[in-house]
file data-v2.cif (mmCIF, C-alpha atoms)
data_start
#
loop_
_atom_site.label_atom_id
_atom_site.label_comp_id
_atom_site.auth_asym_id
_atom_site.auth_seq_id
_atom_site.Cartn_x
_atom_site.Cartn_y
_atom_site.Cartn_z
CA MET O 1 33.01 105.96 -230.05
CA LYS O 2 33.29 105.71 -226.27
CA LEU O 3 29.63 106.72 -225.93
CA GLU O 4 28.68 104.08 -228.49
CA LYS O 5 30.55 101.44 -226.49
CA ILE O 6 28.81 102.57 -223.31
CA GLY O 7 25.49 102.42 -225.14
CA GLU O 8 26.27 98.93 -226.40
CA LYS O 9 26.78 97.79 -222.81
CA ILE O 10 23.76 99.60 -221.36
CA LEU O 11 21.25 98.82 -224.12
CA PRO O 12 21.10 95.02 -223.61
CA VAL O 13 20.72 95.43 -219.84
CA VAL O 14 17.92 98.01 -220.00
CA SER O 15 16.23 96.19 -222.88
CA LYS O 16 16.30 92.96 -220.89
CA ILE O 17 14.76 94.73 -217.91
CA SER O 18 12.16 96.42 -220.12
CA ASN O 19 11.18 93.15 -221.80
CA GLN O 20 11.18 91.08 -218.62
CA LYS O 21 7.63 89.72 -218.61
CA HIS O 22 6.72 90.69 -215.05
CA LEU O 23 8.01 94.27 -215.34
CA ALA O 24 6.49 94.62 -218.79
CA ALA O 25 3.13 93.53 -217.35
CA ILE O 26 3.36 96.22 -214.65
CA ARG O 27 4.20 98.83 -217.29
CA ASP O 28 1.42 97.79 -219.69
CA GLY O 29 -1.07 97.31 -216.86
CA PHE O 30 -0.60 100.91 -215.72
CA ILE O 31 -0.86 102.15 -219.30
CA MET O 32 -4.22 100.36 -219.65
CA ALA O 33 -5.40 102.01 -216.42
CA MET O 34 -4.25 105.50 -217.46
CA PRO O 35 -7.59 106.57 -219.07
CA MET O 36 -9.18 106.39 -215.60
CA SER O 37 -7.05 109.28 -214.34
CA LEU O 38 -7.76 111.39 -217.41
CA VAL O 39 -11.53 110.84 -217.27
CA GLY O 40 -11.62 111.49 -213.53
CA SER O 41 -9.62 114.68 -213.90
CA VAL O 42 -12.19 116.38 -216.17
CA GLY O 43 -14.66 117.02 -213.36
CA LEU O 44 -11.81 117.92 -211.02
CA LEU O 45 -10.57 120.50 -213.51
CA LEU O 46 -13.99 122.11 -213.82
CA GLN O 47 -14.51 122.55 -210.09
CA ASN O 48 -10.99 123.88 -209.47
CA PHE O 49 -10.68 126.09 -212.55
CA ARG O 50 -10.58 129.88 -212.32
CA ILE O 51 -10.44 132.59 -214.98
CA ASN O 52 -9.50 135.52 -212.73
CA LEU O 53 -5.75 135.72 -213.33
CA LEU O 54 -5.14 139.08 -211.64
CA ASN O 55 -6.60 138.40 -208.22
CA THR O 56 -5.41 134.91 -207.27
CA GLU O 57 -6.28 135.59 -203.61
CA LEU O 58 -9.97 135.66 -204.54
CA PRO O 59 -11.72 132.61 -203.03
CA LEU O 60 -12.37 129.95 -205.64
CA ASP O 61 -16.14 130.03 -205.16
CA GLN O 62 -16.09 133.77 -205.96
CA ASP O 63 -14.38 133.30 -209.31
CA PRO O 64 -16.63 134.32 -212.26
CA PHE O 65 -16.26 130.91 -213.91
CA GLN O 66 -17.31 129.06 -210.77
CA LYS O 67 -20.25 131.46 -210.29
CA PHE O 68 -21.29 130.75 -213.89
CA LEU O 69 -21.26 126.98 -213.26
CA VAL O 70 -23.40 127.42 -210.14
CA PHE O 71 -25.81 129.65 -212.07
CA VAL O 72 -26.21 127.09 -214.89
CA PHE O 73 -26.17 123.80 -212.94
CA GLY O 74 -27.15 124.80 -209.41
CA LYS O 75 -25.13 125.03 -206.20
CA HIS O 76 -24.86 121.24 -205.85
CA TRP O 77 -23.55 120.69 -209.37
CA THR O 78 -20.22 119.26 -208.11
CA ALA O 79 -21.96 116.06 -206.95
CA PHE O 80 -22.15 114.89 -210.58
CA PRO O 81 -18.44 115.17 -211.53
CA ASN O 82 -17.38 114.10 -208.02
CA ALA O 83 -19.13 110.76 -208.48
CA ILE O 84 -17.13 110.10 -211.66
CA THR O 85 -13.85 111.27 -210.15
CA ASN O 86 -14.40 109.15 -207.03
CA VAL O 87 -14.98 106.02 -209.10
CA CYS O 88 -11.99 106.63 -211.36
CA ASN O 89 -9.68 107.57 -208.52
CA ASN O 90 -10.68 105.20 -205.74
CA LEU O 91 -11.01 101.98 -207.71
CA ILE O 92 -7.53 102.23 -209.23
CA SER O 93 -6.15 99.25 -207.26
CA ILE O 94 -8.86 96.93 -208.60
CA VAL O 95 -8.27 98.01 -212.18
CA VAL O 96 -4.47 97.72 -211.94
CA THR O 97 -4.80 94.27 -210.36
CA LEU O 98 -6.94 93.11 -213.29
CA THR O 99 -4.81 94.68 -216.03
CA ILE O 100 -1.47 93.43 -214.66
CA ALA O 101 -2.80 89.87 -214.30
CA TYR O 102 -4.21 89.99 -217.81
CA MET O 103 -1.03 91.36 -219.38
CA LEU O 104 1.26 89.02 -217.43
CA THR O 105 -0.68 85.97 -218.62
CA GLN O 106 -0.38 87.17 -222.20
CA ASN O 107 3.36 87.59 -221.68
CA TYR O 108 3.67 84.04 -220.33
CA ILE O 109 1.68 82.64 -223.24
CA GLU O 110 3.85 84.51 -225.76
CA ALA O 111 7.10 83.47 -224.04
CA GLY O 112 6.00 79.82 -223.88
CA LYS O 113 5.08 79.40 -227.54
CA LYS O 114 8.49 77.99 -228.48
CA ASP O 115 8.32 75.28 -225.82
CA ASN O 116 4.54 74.88 -225.98
CA LYS O 117 4.24 76.01 -222.38
CA TYR O 118 1.46 78.00 -220.70
CA GLN O 119 -0.77 77.59 -223.76
CA HIS O 120 -3.71 76.47 -221.61
CA ALA O 121 -3.67 79.67 -219.56
CA ASP O 122 -6.41 82.21 -220.18
CA PRO O 123 -5.75 85.94 -219.49
CA LEU O 124 -9.37 86.54 -218.51
CA VAL O 125 -9.33 83.68 -216.00
CA ALA O 126 -6.06 85.01 -214.57
CA ALA O 127 -7.64 88.45 -214.12
CA ILE O 128 -10.63 86.91 -212.31
CA ILE O 129 -8.36 84.90 -209.98
CA ALA O 130 -6.31 88.03 -209.21
CA LEU O 131 -9.52 89.93 -208.45
CA LEU O 132 -10.70 87.23 -206.05
CA GLY O 133 -7.29 87.10 -204.38
CA SER O 134 -7.19 90.87 -203.98
CA PHE O 135 -10.56 90.93 -202.20
CA LEU O 136 -9.14 88.45 -199.69
CA VAL O 137 -6.47 90.99 -198.68
CA PHE O 138 -7.85 94.45 -199.47
CA PRO O 139 -8.45 96.10 -196.05
CA GLN O 140 -11.92 96.36 -194.57
CA SER O 141 -13.39 98.86 -192.13
CA ALA O 142 -15.69 98.25 -189.19
CA ALA O 143 -19.25 99.42 -189.84
CA GLY O 144 -21.25 98.72 -186.68
CA LYS O 145 -24.03 96.18 -187.26
CA LEU O 146 -22.80 95.59 -190.80
CA GLY O 147 -19.56 94.15 -189.49
CA SER O 148 -16.48 94.64 -191.67
CA VAL O 149 -17.03 96.23 -195.08
CA TRP O 150 -14.96 97.39 -198.01
CA THR O 151 -14.97 101.12 -198.63
CA GLN O 152 -13.57 103.30 -201.42
CA ASP O 153 -10.38 103.65 -199.38
CA SER O 154 -9.93 99.88 -199.62
CA PHE O 155 -9.33 100.10 -203.36
CA GLY O 156 -7.55 103.45 -203.64
CA ALA O 157 -3.91 104.36 -203.93
CA THR O 158 -2.92 102.96 -200.53
CA SER O 159 -3.65 99.44 -201.81
CA LEU O 160 -1.97 99.88 -205.19
CA ILE O 161 1.30 98.06 -204.41
CA LEU O 162 -0.74 95.33 -202.69
CA GLY O 163 -2.85 94.87 -205.82
CA MET O 164 0.29 94.62 -207.95
CA ILE O 165 1.80 91.94 -205.71
CA VAL O 166 -1.42 89.91 -205.59
CA ALA O 167 -1.76 90.12 -209.40
CA LEU O 168 1.82 88.93 -209.91
CA LEU O 169 1.61 86.17 -207.29
CA SER O 170 -1.78 84.77 -208.31
CA THR O 171 -0.95 84.87 -212.02
CA ILE O 172 2.41 83.12 -211.57
CA MET O 173 0.67 80.34 -209.66
CA TYR O 174 -2.17 80.08 -212.16
CA VAL O 175 -0.10 79.92 -215.36
CA HIS O 176 2.25 77.31 -213.90
CA LEU O 177 -0.61 75.23 -212.51
CA SER O 178 -2.38 75.39 -215.87
CA ASP O 179 0.50 73.36 -217.33
CA THR O 180 0.20 70.58 -214.75
CA LYS O 181 -2.21 67.67 -214.43
CA LEU O 182 -4.00 69.46 -211.60
CA THR O 183 -6.94 70.29 -213.81
CA ILE O 184 -10.36 68.77 -214.32
CA LYS O 185 -10.43 66.89 -217.62
CA LEU O 186 -13.61 66.72 -219.68
CA PRO O 187 -14.35 65.02 -223.03
CA ASP O 188 -13.35 66.94 -226.16
CA SER O 189 -17.00 67.08 -227.14
CA VAL O 190 -17.65 69.58 -224.33
CA PRO O 191 -17.80 73.21 -225.61
CA PRO O 192 -14.47 75.13 -225.22
CA ALA O 193 -15.97 77.70 -222.83
CA ILE O 194 -16.99 74.94 -220.39
CA LEU O 195 -13.62 73.20 -220.80
CA ASN O 196 -11.76 76.37 -219.89
CA ALA O 197 -14.03 77.05 -216.93
CA PHE O 198 -13.54 73.60 -215.38
CA ALA O 199 -9.80 73.60 -216.18
CA ALA O 200 -9.46 76.73 -214.02
CA VAL O 201 -11.17 75.30 -210.94
CA ILE O 202 -8.16 73.67 -209.24
CA PRO O 203 -5.62 76.43 -210.14
CA LEU O 204 -8.13 79.02 -208.88
CA ALA O 205 -8.68 77.14 -205.63
CA ILE O 206 -4.96 76.70 -204.95
CA SER O 207 -4.21 80.35 -205.76
CA VAL O 208 -6.83 81.83 -203.44
CA ILE O 209 -5.98 79.35 -200.66
CA VAL O 210 -2.28 80.32 -200.82
CA ILE O 211 -3.06 84.06 -200.81
CA ASN O 212 -5.49 83.64 -197.91
CA ALA O 213 -2.91 81.59 -195.99
CA ILE O 214 -0.30 84.32 -196.46
CA GLU O 215 -2.80 86.86 -195.16
CA PHE O 216 -3.47 84.85 -192.00
CA ILE O 217 0.24 84.21 -191.38
CA ILE O 218 0.97 87.94 -191.64
CA ARG O 219 -1.82 88.69 -189.17
CA ALA O 220 -0.28 86.18 -186.77
CA PHE O 221 2.83 88.39 -186.62
CA GLY O 222 0.86 91.40 -185.36
CA PHE O 223 0.01 93.18 -188.61
CA THR O 224 -3.59 93.91 -189.54
CA GLY O 225 -3.02 92.20 -192.87
CA MET O 226 -0.91 92.06 -196.02
CA GLN O 227 -1.83 95.64 -196.90
CA ASP O 228 -0.57 96.90 -193.54
CA LEU O 229 2.74 95.04 -193.94
CA ILE O 230 3.34 96.18 -197.52
CA TYR O 231 2.35 99.77 -196.81
CA LYS O 232 4.64 100.11 -193.79
CA LEU O 233 7.65 98.25 -195.18
CA VAL O 234 7.47 99.03 -198.91
CA GLN O 235 4.97 101.62 -200.05
CA ALA O 236 5.44 104.35 -197.45
CA PRO O 237 9.28 104.39 -197.76
CA LEU O 238 9.03 104.40 -201.56
CA GLN O 239 6.58 107.29 -201.45
CA GLY O 240 8.92 109.22 -199.17
CA VAL O 241 11.86 108.81 -201.52
CA GLY O 242 9.87 109.00 -204.75
CA THR O 243 8.11 112.24 -203.87
CA SER O 244 11.14 114.12 -202.51
CA VAL O 245 13.07 116.83 -204.35
CA GLY O 246 16.07 114.48 -204.58
CA GLY O 247 13.78 111.77 -205.93
CA ALA O 248 12.58 114.15 -208.66
CA PHE O 249 16.16 114.92 -209.69
CA VAL O 250 17.15 111.24 -209.83
CA THR O 251 14.02 110.36 -211.78
CA ILE O 252 14.67 112.97 -214.47
CA ILE O 253 18.37 112.08 -214.74
CA ALA O 254 17.55 108.37 -215.09
CA GLN O 255 14.89 108.93 -217.76
CA ASN O 256 17.06 111.36 -219.74
CA LEU O 257 20.09 109.06 -219.59
CA VAL O 258 18.28 106.01 -220.94
CA PHE O 259 16.72 108.10 -223.72
CA PHE O 260 20.14 109.52 -224.59
CA PHE O 261 21.35 105.97 -225.16
CA GLY O 262 18.37 105.25 -227.41
CA ILE O 263 16.07 103.53 -224.92
CA HIS O 264 12.61 104.99 -224.41
CA PRO O 265 11.98 106.13 -220.79
CA ALA O 266 8.90 103.90 -220.76
CA ALA O 267 11.38 101.12 -219.97
CA LEU O 268 11.66 102.61 -216.47
CA SER O 269 7.93 103.03 -215.90
CA PRO O 270 7.59 99.83 -213.82
CA ILE O 271 9.88 101.55 -211.31
CA PHE O 272 8.48 105.07 -211.29
CA GLN O 273 4.85 104.75 -212.45
CA PRO O 274 3.37 103.04 -209.36
CA ILE O 275 4.64 105.77 -207.02
CA ASN O 276 3.59 108.53 -209.45
CA THR O 277 0.09 107.03 -209.63
CA ILE O 278 -0.16 106.71 -205.84
CA ASN O 279 0.90 110.34 -205.38
CA GLN O 280 -1.45 111.62 -208.08
CA ASN O 281 -4.41 109.76 -206.58
CA ASP O 282 -3.60 111.13 -203.14
CA LEU O 283 -3.61 114.69 -204.52
CA THR O 284 -6.90 114.04 -206.31
CA ASN O 285 -8.49 112.91 -203.02
CA GLN O 286 -7.22 116.05 -201.31
CA LEU O 287 -8.83 118.21 -203.99
CA LEU O 288 -12.07 116.23 -203.74
CA HIS O 289 -12.16 116.98 -200.01
CA GLY O 290 -11.85 120.72 -200.55
CA ALA O 291 -8.08 121.32 -200.49
CA SER O 292 -6.66 124.08 -202.68
CA VAL O 293 -3.89 123.60 -205.25
CA MET O 294 -1.88 126.03 -203.10
CA ASN O 295 -1.86 123.92 -199.92
CA LEU O 296 -1.73 120.30 -201.01
CA LYS O 297 0.36 117.88 -198.97
CA GLY O 298 2.99 116.62 -201.40
CA ALA O 299 3.52 117.56 -205.02
CA PRO O 300 2.71 115.77 -208.30
CA ILE O 301 6.13 114.57 -209.42
CA GLY O 302 4.76 112.70 -212.46
CA GLN O 303 2.85 115.72 -213.74
CA THR O 304 5.81 118.02 -213.09
CA LEU O 305 8.22 115.84 -215.04
CA GLN O 306 5.77 115.44 -217.89
CA ILE O 307 5.32 119.20 -218.18
CA ILE O 308 8.99 120.20 -217.80
CA MET O 309 10.62 117.37 -219.78
CA GLY O 310 8.15 117.81 -222.65
CA LEU O 311 9.72 121.21 -223.37
CA THR O 312 13.23 119.87 -223.95
CA THR O 313 13.07 119.17 -227.67
CA VAL O 314 11.23 122.46 -228.31
CA ALA O 315 14.09 124.21 -226.51
CA VAL O 316 16.55 122.49 -228.86
CA CYS O 317 14.50 123.72 -231.84
CA VAL O 318 14.56 127.31 -230.62
CA ALA O 319 18.31 127.10 -229.94
CA ILE O 320 18.85 125.84 -233.50
CA PHE O 321 16.69 128.61 -234.97
CA LEU O 322 18.77 131.16 -233.05
CA VAL O 323 22.33 129.99 -233.71
CA ALA O 324 22.35 127.17 -236.29
CA ARG O 325 20.69 128.55 -239.39
CA GLN O 326 23.88 127.86 -241.37
CA SER O 327 23.44 124.10 -240.81
CA PRO O 328 20.91 122.65 -243.29
CA HIS O 329 20.79 119.37 -241.38
CA TYR O 330 20.09 120.85 -237.94
CA LEU O 331 17.65 123.41 -239.38
CA SER O 332 15.66 120.80 -241.31
CA ILE O 333 15.29 118.58 -238.23
CA ALA O 334 14.21 121.57 -236.12
CA LYS O 335 11.51 122.43 -238.69
CA ILE O 336 10.26 118.84 -238.61
CA GLU O 337 10.26 118.62 -234.81
CA ILE O 338 8.72 121.97 -233.87
CA ILE O 339 5.07 120.97 -234.47
CA PRO O 340 5.25 117.49 -232.86
CA GLY O 341 7.30 119.06 -230.06
CA LEU O 342 4.43 121.39 -229.23
CA PHE O 343 2.45 118.24 -228.42
CA ASN O 344 5.28 116.71 -226.35
CA ILE O 345 6.36 114.31 -229.09
CA GLY O 346 10.16 114.43 -229.15
CA GLU O 347 11.15 111.36 -231.18
CA PRO O 348 11.87 113.26 -234.46
CA MET O 349 14.52 115.30 -232.63
CA ILE O 350 15.75 112.49 -230.36
CA TYR O 351 16.42 110.08 -233.22
CA GLY O 352 16.61 112.47 -236.17
CA LEU O 353 19.17 115.06 -235.10
CA PRO O 354 20.13 112.79 -233.34
CA ILE O 355 20.34 113.55 -229.66
CA VAL O 356 20.92 109.84 -229.08
CA LEU O 357 24.66 109.21 -228.55
CA ASN O 358 25.44 112.76 -229.70
CA PRO O 359 28.34 113.81 -227.41
CA PHE O 360 27.51 117.51 -227.84
CA MET O 361 23.95 116.92 -226.54
CA LEU O 362 24.80 114.74 -223.54
CA ILE O 363 25.24 117.49 -220.91
CA PRO O 364 22.36 119.81 -221.90
CA TYR O 365 19.89 117.03 -222.65
CA VAL O 366 20.50 115.12 -219.43
CA PHE O 367 20.86 118.10 -217.07
CA ALA O 368 18.75 120.97 -218.47
CA SER O 369 15.36 119.50 -217.61
CA ALA O 370 16.83 117.89 -214.47
CA ILE O 371 17.74 121.35 -213.14
CA THR O 372 14.54 123.12 -214.18
CA GLY O 373 12.30 120.18 -213.24
CA THR O 374 13.83 119.87 -209.78
CA ILE O 375 13.53 123.62 -209.14
CA TYR O 376 9.92 123.61 -210.34
CA TYR O 377 9.12 120.62 -208.13
CA TRP O 378 10.79 122.29 -205.13
CA LEU O 379 8.69 125.43 -205.65
CA GLU O 380 5.56 123.27 -205.54
CA MET O 381 6.74 121.47 -202.43
CA ILE O 382 7.23 124.73 -200.50
CA HIS O 383 3.89 126.07 -201.85
CA ALA O 384 5.55 129.00 -203.63
CA ILE O 385 3.43 128.19 -206.69
CA PRO O 386 0.16 126.29 -207.10
CA ALA O 387 0.65 122.57 -207.65
CA ILE O 388 -0.04 121.24 -211.14
CA ALA O 389 -2.13 118.54 -209.50
CA ILE O 390 -4.87 117.86 -212.06
CA ALA O 391 -4.05 115.16 -214.61
CA VAL O 392 -4.07 116.38 -218.22
CA PRO O 393 -3.33 114.37 -221.40
CA TRP O 394 0.43 114.22 -222.04
CA THR O 395 -0.07 115.65 -225.55
CA THR O 396 -1.47 118.93 -224.19
CA PRO O 397 0.73 121.76 -225.58
CA PRO O 398 3.29 123.47 -223.31
CA PHE O 399 2.05 126.32 -221.09
CA LEU O 400 -1.57 125.32 -221.74
CA ASN O 401 -0.89 122.06 -219.87
CA THR O 402 0.44 123.95 -216.84
CA TYR O 403 -2.46 126.40 -216.92
CA LEU O 404 -5.06 123.61 -216.97
CA ALA O 405 -3.25 121.30 -214.52
CA SER O 406 -3.01 124.09 -211.93
CA GLY O 407 -6.70 124.95 -212.20
CA GLY O 408 -6.23 128.16 -214.19
CA HIS O 409 -3.37 129.79 -212.27
CA ILE O 410 -0.91 131.95 -214.20
CA MET O 411 2.09 131.69 -211.82
CA PRO O 412 3.00 128.09 -212.77
CA VAL O 413 2.88 129.13 -216.44
CA LEU O 414 5.30 131.99 -215.81
CA VAL O 415 7.69 129.64 -213.98
CA GLN O 416 7.42 127.16 -216.85
CA ILE O 417 8.34 129.93 -219.32
CA ILE O 418 11.42 130.79 -217.21
CA CYS O 419 12.39 127.10 -217.17
CA PHE O 420 11.99 126.96 -220.94
CA VAL O 421 14.22 130.02 -221.46
CA PHE O 422 16.84 128.41 -219.19
CA ASP O 423 16.75 125.25 -221.32
CA VAL O 424 17.21 127.25 -224.53
CA VAL O 425 20.16 129.18 -223.08
CA MET O 426 21.76 125.95 -221.85
CA PHE O 427 21.47 124.30 -225.28
CA ILE O 428 22.83 127.25 -227.30
CA PRO O 429 26.59 126.81 -226.60
CA PHE O 430 26.40 123.06 -227.20
CA VAL O 431 24.50 123.53 -230.45
CA LYS O 432 27.23 125.97 -231.53
CA LEU O 433 29.89 123.37 -230.73
CA ALA O 434 28.00 120.72 -232.70
CA ILE O 435 27.68 123.02 -235.74
CA ARG O 436 31.38 123.94 -235.55
CA SER O 437 32.31 120.26 -235.42
CA GLU O 438 30.04 119.55 -238.36
CA ALA O 439 31.63 122.38 -240.37
CA ASN O 440 35.17 121.20 -239.53
CA LYS O 441 34.31 117.67 -240.57
CA ALA O 442 32.83 118.89 -243.86
CA ALA O 443 35.96 120.97 -244.53
CA ALA O 444 38.20 117.97 -243.78
CA ASP O 445 36.15 115.75 -246.09
CA ALA O 446 36.39 118.37 -248.85
CA LYS O 447 40.20 118.24 -248.68
#
call {"tool": "encode", "arguments": {"input": "data-v2.cif", "output": "structure tokens"}}
result
Amino acid sequence: MKLEKIGEKILPVVSKISNQKHLAAIRDGFIMAMPMSLVGSVGLLLQNFRINLLNTELPLDQDPFQKFLVFVFGKHWTAFPNAITNVCNNLISIVVTLTIAYMLTQNYIEAGKKDNKYQHADPLVAAIIALLGSFLVFPQSAAGKLGSVWTQDSFGATSLILGMIVALLSTIMYVHLSDTKLTIKLPDSVPPAILNAFAAVIPLAISVIVINAIEFIIRAFGFTGMQDLIYKLVQAPLQGVGTSVGGAFVTIIAQNLVFFFGIHPAALSPIFQPINTINQNDLTNQLLHGASVMNLKGAPIGQTLQIIMGLTTVAVCVAIFLVARQSPHYLSIAKIEIIPGLFNIGEPMIYGLPIVLNPFMLIPYVFASAITGTIYYWLEMIHAIPAIAIAVPWTTPPFLNTYLASGGHIMPVLVQIICFVFDVVMFIPFVKLAIRSEANKAAADAK
């Protein structure tokens, strides 16, 4: 009952945060951009994959699989997948700027239906304004006679937080201006497409003028631009905290806690996803420039958590199969969950057992993956094991996901197996307690 009361207090707060239109736009914008990472990772996986599991000291270009690729496609075959990976990885800031502006406008339109507000706003126009505003502030590089030019680095992970801020700022201005009289009015006989285009002229002009003015004011204070200010004061500190071992532990604890109280961890993605994306893109660039998964600077916290936390419900299933066969309820849920669990889908166990608000599951569910995930992440940080740095779909089965994400190394798989065994052992005594409580309650009800 105490846990239920705690949940009743936490749920409205987290739900309000999750449904807040600006945070929801960040979350949904990143989700829309996610396919870029997966498509870009295919070529990266091919050129970093090895099949020689016994001699991991063998140079990558001497691996039989890599020799086969060179034999079939020629020694310059990597130019083809590299082009795709470069586009997907180094244009992420542009895409996120567009998707956040688009989603935020939709959120404003939906929220304003009751009061008939923001109904003249157009998500596509908002995305275009955000794109224009972002090009005013995305950093440029000197290129001799060409003057200042944008490069791939201008739109990569270092500008991601900047793109988010520009998308939020420009969209807020646009949707509010769209409700004012500061629009060009045309006769109703004019086609809707032309009406919408002219209605956006003044809001667009004001938005880009304000963003450009902010850029020039920031430069007047000695920064090279808005990107320089945001990177030094916001993004770099967040990356330092978000990619540390302590940051990994806090991230897992936070996500497990909200799920325990019935709130999907996606509610926290506006907080964690930007830093995870920045870190993943940085690792991808290191691999593209010839770095090995054994000597990357930093470690992929998002990938690590995805791989370790995805095993939790499977560990519960195994614990139930080992010690709870006398409980029809627990056994039936474990049988239902085991197949989805192998594809990192844990909802049948989370809500069916349930783990949610189950006092016997609180300690193992919150802390098992926190302990194993933090240890795994620490091993990557000190380069004791290859980093699982290549993005794989989150539904990739356990152990296979680690094998692919590390470029075909067996050591991360072995560590993942050890982590899984630890999770099972940690759940066993608590599952026993839950079954004993269930049996005692049934006996009391029978009397």
call {"tool": "resolve_selection", "arguments": {"input": "data-v2.cif", "expression": "the PyMOL selection byres ((chain O and resi 90) around 9)", "output": "MDAnalysis selection string"}}
result
chainID O and resid 85:89 91:94 152:157 281 285
call {"tool": "closest_residue", "arguments": {"input": "data-v2.cif", "among": "O:Ile84, O:Ser369, O:His329, O:Met294", "to": "O:Gln255", "atoms": "only C-alpha atoms"}}
result
O:Ser369
call {"tool": "resolve_selection", "arguments": {"input": "data-v2.cif", "expression": "the PyMOL selection byres ((chain O and resi 232-240) around 12)", "output": "PyMOL selection string"}}
result
chain O and resi 157-165+223-231+241-248+271-280+282+298-301
call {"tool": "write_last_selection", "arguments": {"input": "data-v2.cif", "atoms": "C-alpha atoms", "output": "mmCIF file, in the coordinates of the input"}}
result
data_model
loop_
_atom_site.group_PDB
_atom_site.id
_atom_site.type_symbol
_atom_site.label_atom_id
_atom_site.label_comp_id
_atom_site.auth_asym_id
_atom_site.auth_seq_id
_atom_site.Cartn_x
_atom_site.Cartn_y
_atom_site.Cartn_z
ATOM 1 C CA ALA O 157 -3.910 104.360 -203.930
ATOM 2 C CA THR O 158 -2.920 102.960 -200.530
ATOM 3 C CA SER O 159 -3.650 99.440 -201.810
ATOM 4 C CA LEU O 160 -1.970 99.880 -205.190
ATOM 5 C CA ILE O 161 1.300 98.060 -204.410
ATOM 6 C CA LEU O 162 -0.740 95.330 -202.690
ATOM 7 C CA GLY O 163 -2.850 94.870 -205.820
ATOM 8 C CA MET O 164 0.290 94.620 -207.950
ATOM 9 C CA ILE O 165 1.800 91.940 -205.710
ATOM 10 C CA PHE O 223 0.010 93.180 -188.610
ATOM 11 C CA THR O 224 -3.590 93.910 -189.540
ATOM 12 C CA GLY O 225 -3.020 92.200 -192.870
ATOM 13 C CA MET O 226 -0.910 92.060 -196.020
ATOM 14 C CA GLN O 227 -1.830 95.640 -196.900
ATOM 15 C CA ASP O 228 -0.570 96.900 -193.540
ATOM 16 C CA LEU O 229 2.740 95.040 -193.940
ATOM 17 C CA ILE O 230 3.340 96.180 -197.520
ATOM 18 C CA TYR O 231 2.350 99.770 -196.810
ATOM 19 C CA VAL O 241 11.860 108.810 -201.520
ATOM 20 C CA GLY O 242 9.870 109.000 -204.750
ATOM 21 C CA THR O 243 8.110 112.240 -203.870
ATOM 22 C CA SER O 244 11.140 114.120 -202.510
ATOM 23 C CA VAL O 245 13.070 116.830 -204.350
ATOM 24 C CA GLY O 246 16.070 114.480 -204.580
ATOM 25 C CA GLY O 247 13.780 111.770 -205.930
ATOM 26 C CA ALA O 248 12.580 114.150 -208.660
ATOM 27 C CA ILE O 271 9.880 101.550 -211.310
ATOM 28 C CA PHE O 272 8.480 105.070 -211.290
ATOM 29 C CA GLN O 273 4.850 104.750 -212.450
ATOM 30 C CA PRO O 274 3.370 103.040 -209.360
ATOM 31 C CA ILE O 275 4.640 105.770 -207.020
ATOM 32 C CA ASN O 276 3.590 108.530 -209.450
ATOM 33 C CA THR O 277 0.090 107.030 -209.630
ATOM 34 C CA ILE O 278 -0.160 106.710 -205.840
ATOM 35 C CA ASN O 279 0.900 110.340 -205.380
ATOM 36 C CA GLN O 280 -1.450 111.620 -208.080
ATOM 37 C CA ASP O 282 -3.600 111.130 -203.140
ATOM 38 C CA GLY O 298 2.990 116.620 -201.400
ATOM 39 C CA ALA O 299 3.520 117.560 -205.020
ATOM 40 C CA PRO O 300 2.710 115.770 -208.300
ATOM 41 C CA ILE O 301 6.130 114.570 -209.420
#
call {"tool": "resolve_selection", "arguments": {"input": "data-v2.cif", "expression": "the PyMOL selection byres ((chain O and resi 374) around 10)", "output": "list of chain:residue names"}}
result
O:Ser244, O:Val245, O:Gly246, O:Gly247, O:Ala248, O:Phe249, O:Val250, O:Thr251, O:Ile252, O:Ile301, O:Thr304, O:Leu305, O:Ile308, O:Ser369, O:Ala370, O:Ile371, O:Thr372, O:Gly373, O:Ile375, O:Tyr376, O:Tyr377, O:Trp378, O:Leu379, O:Glu380
call {"tool": "closest_atom_pairs", "arguments": {"input": "data-v2.cif", "of": "stretch 58-130 of chain O", "to": "stretch 408-428 of chain O", "cutoff": "12 Å", "atoms": "all atoms listed in the file", "output": "tab-separated table"}}
result
residue	atom	partner	partner_atom	distance
O:Leu58	CA	O:His409	CA	11.7
O:Leu60	CA	O:Gly408	CA	10.7
O:Asp63	CA	O:Gly408	CA	10.8
O:Phe65	CA	O:Gly408	CA	10.4
O:Gln66	CA	O:Gly408	CA	11.6
call {"tool": "residues_around", "arguments": {"input": "data-v2.cif", "residues": "O:Gln106", "least_positions_apart": "4", "cutoff": "7 Å", "atoms": "all atoms listed in the file", "output": "count of residues only"}}
result
3
call {"tool": "residues_around", "arguments": {"input": "data-v2.cif", "residues": "stretch 262-270 of chain O", "least_positions_apart": "3", "cutoff": "7 Å", "atoms": "only C-alpha atoms", "output": "MDAnalysis selection string"}}
result
chainID O and resid 18 23 26:27 255 258:259 273:274 356
call {"tool": "write_last_selection", "arguments": {"input": "data-v2.cif", "atoms": "C-alpha atoms", "output": "mmCIF file, in the frame of the given file"}}
result
data_model
loop_
_atom_site.group_PDB
_atom_site.id
_atom_site.type_symbol
_atom_site.label_atom_id
_atom_site.label_comp_id
_atom_site.auth_asym_id
_atom_site.auth_seq_id
_atom_site.Cartn_x
_atom_site.Cartn_y
_atom_site.Cartn_z
ATOM 1 C CA SER O 18 12.160 96.420 -220.120
ATOM 2 C CA LEU O 23 8.010 94.270 -215.340
ATOM 3 C CA ILE O 26 3.360 96.220 -214.650
ATOM 4 C CA ARG O 27 4.200 98.830 -217.290
ATOM 5 C CA GLN O 255 14.890 108.930 -217.760
ATOM 6 C CA VAL O 258 18.280 106.010 -220.940
ATOM 7 C CA PHE O 259 16.720 108.100 -223.720
ATOM 8 C CA GLN O 273 4.850 104.750 -212.450
ATOM 9 C CA PRO O 274 3.370 103.040 -209.360
ATOM 10 C CA VAL O 356 20.920 109.840 -229.080
#
